[in-house]
Amino acid sequence: MEIQWDITQQFDKYFRIVVADTDEWRQQSYALRYEVYCREFAFLNGNQYPDKLESDEFDTHAAHVLVVHRVSGAVAGSARFIACEDDFYTALPCLRAGQSSLFDDYRNEWPYAPETLCEISRFCVHSNFRRKDRSKRTEVQSSPVEFSPEESKIFPFIVAALSLAMHVTRSYFQRPNGIAVVDPILPRLLARFGIPSHRISLDFPYHGTRALFYCEEAEVNESLRPELVPLRDLIAKLLRSHFSTAAPSPISPAKDQGSYRLETPSVQQQETDRLKRQADLVLNLERKLWKNLNITEHSAILDLACGPGFLTQAMANFHPTADYVGIDFDENMIRTAQSELAKSPCGNVRFHHDNVYKLHRIADSSVDFAYGRLVFQHLKFPFVALAQLRRVLKGNGTVCLIDVDDDWFTLHPAPNCLHQFLELSREGQRQMGGNRHIGRSLGAYLYSAGFHQIENQILTFSTPKDLSLWDFLDVSLGFRLELVPQESKEKAKGYLEEIYGVLKKPYALGAIGIYVVLAKNPRKVR
């Protein structure tokens with residue numbers, strides 16, 4: 001059916017999208033859910049909710065989005081987003097309910113990484129905005145509001161708007177793979193709007209007949225009906241503006257330091273000194289890489305987690321016509337970077353205190369090239385950081401991520417305690433949200449986040465060709481003592497002293513492989 005009027009303009013005239021991030025708005029969401037789930041359809045026992053607010057344990061770490069009628073202030077619809085962090089079968093209530101009904105392909109080998117998953121649930125629309133014939137209201141359809149025929153024409157698009165709001169939310173928090181347990185009628189309705197989904201389970205009894213459906217972010221962007229693209233973009237503008245400035249996130253990354261923590265001034269100074277030695281050691285190797293990055297005149301370059309800025313300044317001198325911004329979560333590191341910059345002024349470099357999960361200081365579509373060197377191994381929420389990179393990169397902009405994978409670490413002869421030391425530091429980093437095997441996953445993460453034209457390579461460094469054995473140990477192992485849990489610190493110090501004993505062996509060698517992954521940001525959807 002061809003539509004002769006502007007859906008976005010009409011929707012915005014009568015409705016608005018609200019993030020329920022206050023107690024008052026959340027209670028309105030819970031009240032709507034009580035009205036629909038307890039009173040109208042009796043899916044849930046209303047006696048369990050004496051305050052007439054339907055809520056559960058997942059609401060505290062979910063993002064709730066509402067569609068609100070402008071004139072009356074009535075909540076027309078509500079939905080929530082839950083990010084999966086660990087075991088998806090327990091983290092997502094929809095999979096708790098439907099796990100036994102999953103198709104064999106999904107039950108035997110789940111195809112989606114937990115950090116890419118989210119649940120869309122508690123998706124409901126008030127009957128006042130659902131009934132075609134509002135003269136047939138029953139007692140539970142309370143507080144009738146009179147609507148003009150023009151307003152009523154928008155009602156079918158409330159479902160589409162809620163679905164697009166969830167689509168934008170999961171895109172922002174970089175959860176491209178969405179799961180929902182719904183009445184099988186709803187996916188058919190959404191398909192009419194160009195919002196496709198795929199059944200992944202048999203029907204099962206759960207608040208009526210339900211089934212699990214999967215929805216992929218990229219497929220929605222490709223299939224969405226052209227007349228709904230402006231509505232999606234309007235909702236995206238509103239929600240991204242809200243999420244980028246509002247605390248708390250449904251996955252709470254904003255204050256997370258990951259596994260890179262410098263707890264005391266002495267440790268901070270030691271790390272600054274180590275980073276200076278590291279920058280000096282790898283500078284020639286980095287320059288070879290920089291030559292092939294296709295950085296052009298006046299390119300806007302973002303250096304993520306730049307630390308004290310030694311390599312940022314070196315890169316800026318290498319490409320003196322480009323403009324560089326270095327950001328870091330650690331204010332002391334940024335002060336050091338600014339102090340070092342004052343000693344050797346470089347007009348095309350600036351340093352800002354910022355967070356890779358927020359990038360407050362970086363405007364949308366303002367970056368040509370983003371550089372993340374040894375950053376992602378420390379991030380508990382890599383997909384949130386990738387979502388921000390998608391936002392700030394221009395269409396066809398490039399991201400380059402460089403990081404480690406411990407399987408590419410070699411020391412020979414290997415002291416007996418080397419394995420124990422590496423395991424202690426890996427486990428300590430894992431407990432703080434880091435990942436010492438991140439290198440192998442970077443390409444897959446970028447693909448899941450919506451990047452394309454992904455190129456992987458592994459650069460190797462070895463002794464004595466690229467650096468001395470002492471420098472190799474200092475750069476690759478020295479800092480890892482800070483990752484070890486406090487209760488194992490003394491034991492780890494002993495291990496490290498024994499490992500440094502290989503310096504006495506003239507035939508000893510060390511080698512390490514570093515992943516370098518390049519990817520392009522797709523051109524912005526208009």
# chains A, B, ... in the order shown; residues from 1 in each chain; ligands from 1
call {"tool": "residues_around", "arguments": {"residues": "A:Leu189", "least_positions_apart": "6", "cutoff": "10 Å", "atoms": "only C-alpha atoms", "output": "MDAnalysis selection string"}}
result
chainID A and resid 156 159:160 195:196
call {"tool": "write_last_selection", "arguments": {"atoms": "N, CA, C and O atoms", "output": "compact mmCIF listing (two decimals), in the first residue's frame"}}
result
# COMPACT_ATOMS: atom_id res chain seq x y z
N PRO A 156 -0.99 2.49 13.93
CA PRO A 156 -0.26 1.27 13.51
C PRO A 156 1.26 1.44 13.52
O PRO A 156 1.99 0.44 13.58
N VAL A 159 3.94 0.57 16.91
CA VAL A 159 4.71 -0.67 17.00
C VAL A 159 6.02 -0.53 16.25
O VAL A 159 7.09 -0.93 16.73
N ALA A 160 5.97 0.07 15.06
CA ALA A 160 7.19 0.27 14.28
C ALA A 160 8.15 1.21 15.01
O ALA A 160 9.37 0.97 15.05
N ILE A 195 10.99 -4.67 8.84
CA ILE A 195 11.78 -5.00 10.03
C ILE A 195 11.76 -6.52 10.16
O ILE A 195 10.85 -7.09 10.78
N PRO A 196 12.71 -7.21 9.53
CA PRO A 196 12.66 -8.67 9.47
C PRO A 196 13.18 -9.34 10.74
O PRO A 196 13.98 -8.77 11.49
call {"tool": "select_by_dssp", "arguments": {"residues": "stretch 339-394 of chain A", "states": "alpha helix (DSSP H)", "output": "PyMOL selection string"}}
result
chain A and resi 339-343+382-392
call {"tool": "write_last_selection", "arguments": {"atoms": "N, CA, C and O atoms", "output": "short mmCIF file (atom, residue, chain, number, x, y, z; two decimals), in the first residue's frame"}}
result
data_model
loop_
_atom_site.label_atom_id
_atom_site.label_comp_id
_atom_site.auth_asym_id
_atom_site.auth_seq_id
_atom_site.Cartn_x
_atom_site.Cartn_y
_atom_site.Cartn_z
N SER A 339 52.00 18.10 29.27
CA SER A 339 53.29 18.61 29.71
C SER A 339 54.38 18.28 28.69
O SER A 339 55.23 19.12 28.36
N GLU A 340 54.38 17.06 28.18
CA GLU A 340 55.36 16.66 27.16
C GLU A 340 55.17 17.48 25.88
O GLU A 340 56.15 17.85 25.22
N LEU A 341 53.91 17.76 25.54
CA LEU A 341 53.63 18.55 24.34
C LEU A 341 54.16 19.97 24.49
O LEU A 341 54.66 20.56 23.52
N ALA A 342 54.08 20.51 25.70
CA ALA A 342 54.58 21.87 25.95
C ALA A 342 56.09 21.96 25.76
O ALA A 342 56.62 23.00 25.36
N LYS A 343 56.79 20.84 26.05
CA LYS A 343 58.24 20.83 25.88
C LYS A 343 58.63 20.87 24.40
O LYS A 343 59.65 21.46 24.04
N PRO A 382 33.91 -4.00 24.93
CA PRO A 382 34.48 -3.57 23.65
C PRO A 382 33.43 -3.11 22.65
O PRO A 382 33.71 -2.22 21.83
N PHE A 383 32.22 -3.67 22.70
CA PHE A 383 31.22 -3.30 21.71
C PHE A 383 30.65 -1.91 21.95
O PHE A 383 30.20 -1.25 21.02
N VAL A 384 30.70 -1.45 23.19
CA VAL A 384 30.28 -0.08 23.46
C VAL A 384 31.30 0.89 22.86
O VAL A 384 30.94 1.90 22.25
N ALA A 385 32.58 0.57 23.02
CA ALA A 385 33.62 1.40 22.42
C ALA A 385 33.51 1.40 20.90
O ALA A 385 33.65 2.44 20.24
N LEU A 386 33.23 0.25 20.31
CA LEU A 386 33.08 0.17 18.85
C LEU A 386 31.87 0.97 18.38
O LEU A 386 31.89 1.56 17.30
N ALA A 387 30.81 0.98 19.19
CA ALA A 387 29.64 1.79 18.84
C ALA A 387 30.01 3.26 18.78
O ALA A 387 29.56 4.00 17.89
N GLN A 388 30.83 3.71 19.71
CA GLN A 388 31.26 5.10 19.70
C GLN A 388 32.15 5.39 18.48
O GLN A 388 32.06 6.46 17.88
N LEU A 389 32.99 4.44 18.12
CA LEU A 389 33.82 4.63 16.92
C LEU A 389 32.95 4.72 15.67
O LEU A 389 33.21 5.54 14.79
N ARG A 390 31.91 3.89 15.61
CA ARG A 390 30.99 3.99 14.48
C ARG A 390 30.37 5.39 14.41
O ARG A 390 30.16 5.96 13.34
N ARG A 391 30.07 5.95 15.59
CA ARG A 391 29.43 7.26 15.64
C ARG A 391 30.36 8.36 15.18
O ARG A 391 29.97 9.24 14.40
N VAL A 392 31.61 8.36 15.66
CA VAL A 392 32.49 9.50 15.41
C VAL A 392 33.21 9.41 14.06
O VAL A 392 33.64 10.43 13.52
#
call {"tool": "closest_residue", "arguments": {"among": "A:Asp303, A:Asp273, A:Asp203, A:Glu427", "to": "A:Val349", "atoms": "only C-alpha atoms"}}
result
A:Asp303
call {"tool": "residues_around", "arguments": {"residues": "A:Thr209", "least_positions_apart": "3", "cutoff": "8 Å", "atoms": "only C-alpha atoms", "output": "PDB file with C-alpha atoms, in the first residue's frame"}}
result
ATOM      1  CA  ASP A 183       3.523 -13.914  19.837  1.00  0.00           C
ATOM      2  CA  PRO A 184       4.338 -15.176  16.299  1.00  0.00           C
ATOM      3  CA  ASP A 203       6.084 -22.542  19.765  1.00  0.00           C
ATOM      4  CA  PHE A 204       5.932 -22.928  23.536  1.00  0.00           C
ATOM      5  CA  PRO A 205       3.478 -21.822  26.259  1.00  0.00           C
ATOM      6  CA  TYR A 206       4.644 -18.610  27.915  1.00  0.00           C
TER       7      TYR A 206
END
call {"tool": "select_by_dssp", "arguments": {"residues": "stretch 258-465 of chain A", "states": "strand (DSSP E or B)", "output": "JSON, numbers by chain"}}
result
{"A": [300, 301, 302, 303, 304, 323, 324, 325, 326, 327, 328, 349, 350, 351, 352, 353, 367, 368, 369, 370, 371, 372, 373, 393, 394, 395, 396, 397, 398, 399, 400, 401, 402, 403, 404, 405, 406, 407, 408, 409, 410, 411, 412, 452, 453, 454, 455, 456, 457, 458, 459, 460, 461, 462]}
call {"tool": "closest_atom_pairs", "arguments": {"of": "stretch 448-508 of chain A", "to": "stretch 217-222 of chain A", "cutoff": "10 Å", "atoms": "only C-alpha atoms", "output": "Markdown table"}}
result
| residue | atom | partner | partner_atom | distance |
| --- | --- | --- | --- | --- |
| A:Ser448 | CA | A:Ala218 | CA | 9.2 |
| A:Ala449 | CA | A:Glu217 | CA | 9.2 |
| A:Gly450 | CA | A:Ala218 | CA | 7.0 |
call {"tool": "atom_distance", "arguments": {"atom1": "atom CA of A:Glu57", "atom2": "atom CA of A:Gln99"}}
result
19.3 Å
call {"tool": "closest_residue", "arguments": {"among": "A:Leu190, A:Leu483, A:Ala314, A:Leu289", "to": "A:Gln431", "atoms": "only C-alpha atoms"}}
result
A:Leu483
call {"tool": "residues_around", "arguments": {"residues": "A:Arg210", "least_positions_apart": "2", "cutoff": "12 Å", "atoms": "only C-alpha atoms", "output": "PDB file with C-alpha atoms, in the first residue's frame"}}
result
ATOM      1  CA  PHE A  43      -0.848 -13.286  31.371  1.00  0.00           C
ATOM      2  CA  CYS A  94      13.714 -14.941  27.050  1.00  0.00           C
ATOM      3  CA  ALA A  97      11.949 -19.401  29.098  1.00  0.00           C
ATOM      4  CA  GLY A  98      12.530 -20.852  25.633  1.00  0.00           C
ATOM      5  CA  SER A 101      12.251 -25.172  22.525  1.00  0.00           C
ATOM      6  CA  LEU A 102      15.185 -23.853  20.477  1.00  0.00           C
ATOM      7  CA  ALA A 180      12.824 -11.721  21.632  1.00  0.00           C
ATOM      8  CA  VAL A 181      10.127 -14.099  22.833  1.00  0.00           C
ATOM      9  CA  VAL A 182       6.884 -12.933  21.221  1.00  0.00           C
ATOM     10  CA  ASP A 183       3.523 -13.914  19.837  1.00  0.00           C
ATOM     11  CA  PRO A 184       4.338 -15.176  16.299  1.00  0.00           C
ATOM     12  CA  ILE A 185       1.930 -12.565  14.936  1.00  0.00           C
ATOM     13  CA  LEU A 186       4.213  -9.660  15.897  1.00  0.00           C
ATOM     14  CA  PRO A 187       7.128 -10.597  13.570  1.00  0.00           C
ATOM     15  CA  ARG A 199      12.173 -17.814  14.091  1.00  0.00           C
ATOM     16  CA  ILE A 200      14.699 -19.856  16.083  1.00  0.00           C
ATOM     17  CA  SER A 201      12.377 -22.015  18.192  1.00  0.00           C
ATOM     18  CA  LEU A 202       9.204 -24.044  18.194  1.00  0.00           C
ATOM     19  CA  ASP A 203       6.084 -22.542  19.765  1.00  0.00           C
ATOM     20  CA  PHE A 204       5.932 -22.928  23.536  1.00  0.00           C
ATOM     21  CA  PRO A 205       3.478 -21.822  26.259  1.00  0.00           C
ATOM     22  CA  TYR A 206       4.644 -18.610  27.915  1.00  0.00           C
ATOM     23  CA  HIS A 207       2.054 -15.865  28.489  1.00  0.00           C
ATOM     24  CA  GLY A 208       0.112 -17.476  25.652  1.00  0.00           C
ATOM     25  CA  LEU A 212      11.849 -17.055  20.047  1.00  0.00           C
ATOM     26  CA  PHE A 213      12.847 -14.794  17.160  1.00  0.00           C
TER      27      PHE A 213
END
call {"tool": "closest_residue", "arguments": {"among": "A:Ser441, A:Arg39, A:Ile120, A:Leu418", "to": "A:Gly494", "atoms": "only C-alpha atoms"}}
result
A:Leu418
call {"tool": "atom_distance", "arguments": {"atom1": "atom CA of A:Glu109", "atom2": "atom CA of A:Gly433"}}
result
24.9 Å
call {"tool": "decode", "arguments": {"residues": "stretch 260-324 of chain A", "atoms": "C-alpha atoms", "output": "PDB file, in the first residue's frame"}}
result
ATOM      1  CA  TYR A 260      44.347  -0.861  32.977  1.00  0.00           C
ATOM      2  CA  ARG A 261      44.567   0.617  36.476  1.00  0.00           C
ATOM      3  CA  LEU A 262      47.331   2.743  37.919  1.00  0.00           C
ATOM      4  CA  GLU A 263      46.463   2.853  41.586  1.00  0.00           C
ATOM      5  CA  THR A 264      49.367   4.831  43.088  1.00  0.00           C
ATOM      6  CA  PRO A 265      51.638   7.704  41.989  1.00  0.00           C
ATOM      7  CA  SER A 266      54.694   5.442  42.054  1.00  0.00           C
ATOM      8  CA  VAL A 267      52.977   2.899  39.801  1.00  0.00           C
ATOM      9  CA  GLN A 268      51.837   5.724  37.503  1.00  0.00           C
ATOM     10  CA  GLN A 269      55.421   7.012  37.184  1.00  0.00           C
ATOM     11  CA  GLN A 270      56.761   3.501  36.562  1.00  0.00           C
ATOM     12  CA  GLU A 271      54.158   2.998  33.825  1.00  0.00           C
ATOM     13  CA  THR A 272      54.944   6.367  32.223  1.00  0.00           C
ATOM     14  CA  ASP A 273      58.642   5.446  32.165  1.00  0.00           C
ATOM     15  CA  ARG A 274      57.839   2.026  30.696  1.00  0.00           C
ATOM     16  CA  LEU A 275      55.615   3.554  28.002  1.00  0.00           C
ATOM     17  CA  LYS A 276      58.431   5.963  27.082  1.00  0.00           C
ATOM     18  CA  ARG A 277      60.848   3.036  26.676  1.00  0.00           C
ATOM     19  CA  GLN A 278      58.221   1.129  24.713  1.00  0.00           C
ATOM     20  CA  ALA A 279      57.585   4.100  22.402  1.00  0.00           C
ATOM     21  CA  ASP A 280      61.315   4.482  21.732  1.00  0.00           C
ATOM     22  CA  LEU A 281      61.716   0.763  21.058  1.00  0.00           C
ATOM     23  CA  VAL A 282      58.810   0.343  18.623  1.00  0.00           C
ATOM     24  CA  LEU A 283      59.019   3.725  16.889  1.00  0.00           C
ATOM     25  CA  ASN A 284      60.769   2.479  13.752  1.00  0.00           C
ATOM     26  CA  LEU A 285      58.381  -0.470  13.474  1.00  0.00           C
ATOM     27  CA  GLU A 286      55.386   1.815  13.953  1.00  0.00           C
ATOM     28  CA  ARG A 287      56.649   4.169  11.269  1.00  0.00           C
ATOM     29  CA  LYS A 288      56.637   1.304   8.767  1.00  0.00           C
ATOM     30  CA  LEU A 289      52.997   0.718   9.655  1.00  0.00           C
ATOM     31  CA  TRP A 290      52.079   4.420   9.486  1.00  0.00           C
ATOM     32  CA  LYS A 291      53.443   4.609   5.918  1.00  0.00           C
ATOM     33  CA  ASN A 292      50.698   2.252   4.730  1.00  0.00           C
ATOM     34  CA  LEU A 293      47.739   3.766   6.573  1.00  0.00           C
ATOM     35  CA  ASN A 294      46.668   6.083   3.751  1.00  0.00           C
ATOM     36  CA  ILE A 295      46.510   9.117   6.034  1.00  0.00           C
ATOM     37  CA  THR A 296      46.016  12.147   3.805  1.00  0.00           C
ATOM     38  CA  GLU A 297      46.490  15.883   4.208  1.00  0.00           C
ATOM     39  CA  HIS A 298      44.169  17.418   6.822  1.00  0.00           C
ATOM     40  CA  SER A 299      42.897  14.008   7.960  1.00  0.00           C
ATOM     41  CA  ALA A 300      41.311  14.084  11.420  1.00  0.00           C
ATOM     42  CA  ILE A 301      43.020  11.393  13.531  1.00  0.00           C
ATOM     43  CA  LEU A 302      41.765  10.060  16.865  1.00  0.00           C
ATOM     44  CA  ASP A 303      44.257   8.224  19.099  1.00  0.00           C
ATOM     45  CA  LEU A 304      42.352   6.116  21.640  1.00  0.00           C
ATOM     46  CA  ALA A 305      43.847   5.664  25.115  1.00  0.00           C
ATOM     47  CA  CYS A 306      46.913   7.661  24.113  1.00  0.00           C
ATOM     48  CA  GLY A 307      48.521   7.498  27.557  1.00  0.00           C
ATOM     49  CA  PRO A 308      51.315  10.079  27.947  1.00  0.00           C
ATOM     50  CA  GLY A 309      51.116  10.783  24.215  1.00  0.00           C
ATOM     51  CA  PHE A 310      54.634   9.795  23.168  1.00  0.00           C
ATOM     52  CA  LEU A 311      53.520   7.888  20.078  1.00  0.00           C
ATOM     53  CA  THR A 312      50.720  10.356  19.347  1.00  0.00           C
ATOM     54  CA  GLN A 313      53.281  13.136  18.986  1.00  0.00           C
ATOM     55  CA  ALA A 314      55.599  10.914  16.953  1.00  0.00           C
ATOM     56  CA  MET A 315      52.747  10.052  14.607  1.00  0.00           C
ATOM     57  CA  ALA A 316      51.778  13.725  14.324  1.00  0.00           C
ATOM     58  CA  ASN A 317      55.357  14.590  13.347  1.00  0.00           C
ATOM     59  CA  PHE A 318      55.282  11.770  10.793  1.00  0.00           C
ATOM     60  CA  HIS A 319      52.084  13.208   9.229  1.00  0.00           C
ATOM     61  CA  PRO A 320      52.494  16.946   9.956  1.00  0.00           C
ATOM     62  CA  THR A 321      49.524  18.018   7.787  1.00  0.00           C
ATOM     63  CA  ALA A 322      47.012  15.833   9.654  1.00  0.00           C
ATOM     64  CA  ASP A 323      45.160  16.895  12.823  1.00  0.00           C
ATOM     65  CA  TYR A 324      45.512  14.660  15.896  1.00  0.00           C
TER      66      TYR A 324
END
